[in-house]
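**Student:** Okay, here's the structure, questions in a sec.
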Amino acid sequence: MKMNIKTLAICALGASTLALTACSDNNPLMKGDKTHAVKYLYDAATYAGEPLTEKQPFGKKVEASDWYIYCMDKSSKAKDCDKVYKRMTEFLTSYPRYVEVYPEFTKTTVSDFKDEAMWKQLGTAFKSRKSFKDLDE
């Protein structure tokens, strides 16, 4: 049986769409209380951004949680996004007392934090939580 290129391309597109949709459906940040998810995102992003903020010159400090916003918004100010996402997954292991506060997020992965569908749903609330205003906009 011979498959033509169009059929193969349609199958590949369908499979990738299905995979992306499945990832969003399994994202713990998109299940349950959105306010609680935004609070967790903010705490994890603050933890993740601390090393980048410490490297900034005095007087030009960016808030630690802003680095996550820059990464998700694909801003020109984004730095070390892979490290930011990775550190966000380490937040609960670095601060075990928060496991009781955020038990539903103990298995959150880098993919969950990078999920564009999640960011579309929670990004505005995340930014308004901290009154974020990007000067590039």
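Residues are referred to by chain and number: the chain letter is A, B, ... according to the order shown in the structure tokens, the number counts from 1 in that chain, and ligands are numbered separately from 1 in the order shown.
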Within 12 Å of Glu104 of chain A, counting only C-alpha atoms, which residues show up once you throw out same-chain ones fewer than 3 positions away? Write them as a VMD selection string, please.
**Tutor:** chain A and resid 27 to 33 36 to 37 40 92 98 to 101 107 to 108
**Student:** Quick one: write out the picked residues with C-alpha atoms as a compact mmCIF listing (two decimals), in the first residue's frame?
**Tutor:**
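Okay, this is what ended up in result-v3.txt:
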```txt
# COMPACT_ATOMS: atom_id res chain seq x y z
CA ASN A 27 -1.67 19.81 32.96
CA PRO A 28 -2.38 20.04 36.71
CA LEU A 29 -2.28 23.85 36.44
CA MET A 30 -5.43 23.76 34.32
CA LYS A 31 -7.45 21.57 36.67
CA GLY A 32 -9.20 22.81 39.76
CA ASP A 33 -9.03 26.27 41.31
CA HIS A 36 -4.72 28.57 43.53
CA ALA A 37 -2.89 27.63 40.31
CA TYR A 40 1.47 28.43 42.80
CA LEU A 92 8.38 22.11 45.97
CA TYR A 98 4.72 24.10 50.49
CA VAL A 99 3.81 20.54 49.49
CA GLU A 100 0.95 20.77 51.99
CA VAL A 101 -0.19 24.05 50.40
CA LYS A 107 4.09 16.28 39.69
CA THR A 108 4.16 19.50 37.63
```
**Student:** Just the number, please: distance in Å from atom CA of Lys34 of chain A to atom CA of Leu52 of chain A, one decimal.
**Tutor:**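 Result for atom CA of Lys34 of chain A versus atom CA of Leu52 of chain A: 27.1 Å, one decimal.
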**Student:** Mind pulling up the distance from atom CA of Pro51 of chain A to atom CA of Arg129 of chain A?
**Tutor:** 21.8 Å
**Student:** Just list as a ChimeraX atom specification whatever in segment 49-130 of chain A DSSP marks as helix (DSSP H, G or I).
**Tutor:** /A:49-54,66-72,81-94,96-99,103-105,110-114,116-129
**Student:** For Thr109 of chain A, which residue out of A:Ala45, A:Ala125, A:Met72, A:Met88 is the nearest one, using only C-alpha atoms?
**Tutor:**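 Going through A:Ala45, A:Ala125, A:Met72, A:Met88 one by one, the smallest distance to Thr109 of chain A is for A:Met88.
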**Student:** One number please: atom CA of Trp119 of chain A to atom CA of Glu54 of chain A, in Å, one decimal.
**Tutor:**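 Atom CA of Trp119 of chain A sits 25.7 Å away from atom CA of Glu54 of chain A.
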**Student:** Between A:Asp43, A:Glu90, A:Glu116, A:Glu50, which is the closest to Glu63 of chain A once you count only C-alpha atoms?
**Tutor:**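 Going through A:Asp43, A:Glu90, A:Glu116, A:Glu50 one by one, the smallest distance to Glu63 of chain A is for A:Glu50.
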**Student:** Restricting the calculation to only C-alpha atoms: of A:Lys127, A:Tyr42, A:Ala48, A:Asp112, which residue gets closest to Lys83 of chain A?
**Tutor:**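 That would be A:Ala48, the residue with the smallest distance to Lys83 of chain A.
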